[in-house]
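*Asks:* Below is one structure. I have some questions about it.
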Amino acid sequence: TAVCKLPQPFRMLDKLLSRLVDDAVNLAVERDEARLAARGIAEGTEVLAPSAVVDDIGAVTSVSTSRDGAWAFVGNEDGELVVVNVQRGSVASKTKVLAGSIAAVDAVAVDPPPPPPPRPPTPPPEETTETEGEDGGAEGGTGGEEAEPKDEDAEPKDDDAELKDKDAAATEGLSFDDIAAAAGGLSPADVAPLYLVALAGTNGEITVVAVDC
């Protein structure tokens, strides 16, 4: 076995230098792995260009959007709530709501409420022709029973009743909003939506404001 002939102080320095070299190598390997991982994330991530640039909103700290994506509710570090029309790319309103910076924003539509999911189309009822009815009556007569003769004195069907049946069939499956819009009344597109926006500040302050868009 080899015997280390270095004095004790030198042996301690040798151990310290070896430990420092090992730590430096491990740190270099970890940094290289992190760099490669970051490069892989960047290469696999699609970077999109902004569709619009909105000025005069301040330093943005939090954002929430309406369900239909038409409005964006932005909080900035000055405690202001900025309502942005996404389609136009312009600021609709700016209100000072908190004393400090805004940490979180959330919004929900309350009037009119969000539209319900679309209903599946109702299949039209199957109509039987008169020929099928006559054939059915003839087949029934072969069994020994005669088909009942048509009552010529029967009262004709009321035209108003037919119109009501057609109207009922035309409006089946439609919402009241669609029916009102077809009749010339207000539709949800004609009503300005009302949102309740909840905001939380970095100092723990929470407030809720109503925004009429």
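By order in the structure tokens, chains are A, B, ...; within a chain, residues start at 1; ligands start at 1, following the order shown.
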Could you give me, as an MDAnalysis selection string, the residues within 8 Å of Val110 (chain A), counting only C-alpha atoms and dropping anything in the same chain fewer than 6 positions from it?
*Replies:* chainID A and resid 193:196
*Asks:* Quick one: distance from CA of Asp106 (chain A) to CA of Ala200 (chain A) in Å, one decimal?
*Replies:*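 About the pair CA of Asp106 (chain A) and CA of Ala200 (chain A): they are 9.1 Å apart.
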*Asks:* Would you please extract all helix (DSSP H, G or I) residues from region 11-51 of chain A, as assigned by DSSP on the backbone, and give them as a ChimeraX atom specification?
*Replies:* /A:11-43
*Asks:* Give me, as a PyMOL selection string, all polymer residues having an atom no more than 12 Å from Thr95 (chain A), counting only C-alpha atoms and skipping those fewer than 3 positions away in the same chain.
*Replies:* chain A and resi 57+73-76+78-84+91-92+98-99+197+209-211
*Asks:* In terms of the shortest atom-to-atom distance over only C-alpha atoms, which of A:Asn85, A:Ser64, A:Ser18, A:Ser90 is closest to Ala104 (chain A)?
*Replies:* A:Ser64
*Asks:* Separation of CA of Val86 (chain A) and CA of Asp56 (chain A), in Å?
*Replies:*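 Atom-to-atom, CA of Val86 (chain A) and CA of Asp56 (chain A) are spaced 14.4 Å apart.
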*Asks:* Check the smallest atom-to-atom distance from each of A:Val21, A:Arg31, A:Ile102, A:Thr45 to Val60 (chain A) using only C-alpha atoms, then report the winner.
*Replies:*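 When distances to Val60 (chain A) are compared using only C-alpha atoms, the smallest one comes from A:Ile102.
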*Asks:* Which value, in Å to one decimal, gives the distance between CA of Asn203 (chain A) and CA of Gly58 (chain A)?
*Replies:*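 Computing the Euclidean distance for CA of Asn203 (chain A) and CA of Gly58 (chain A) yields 19.1 Å.
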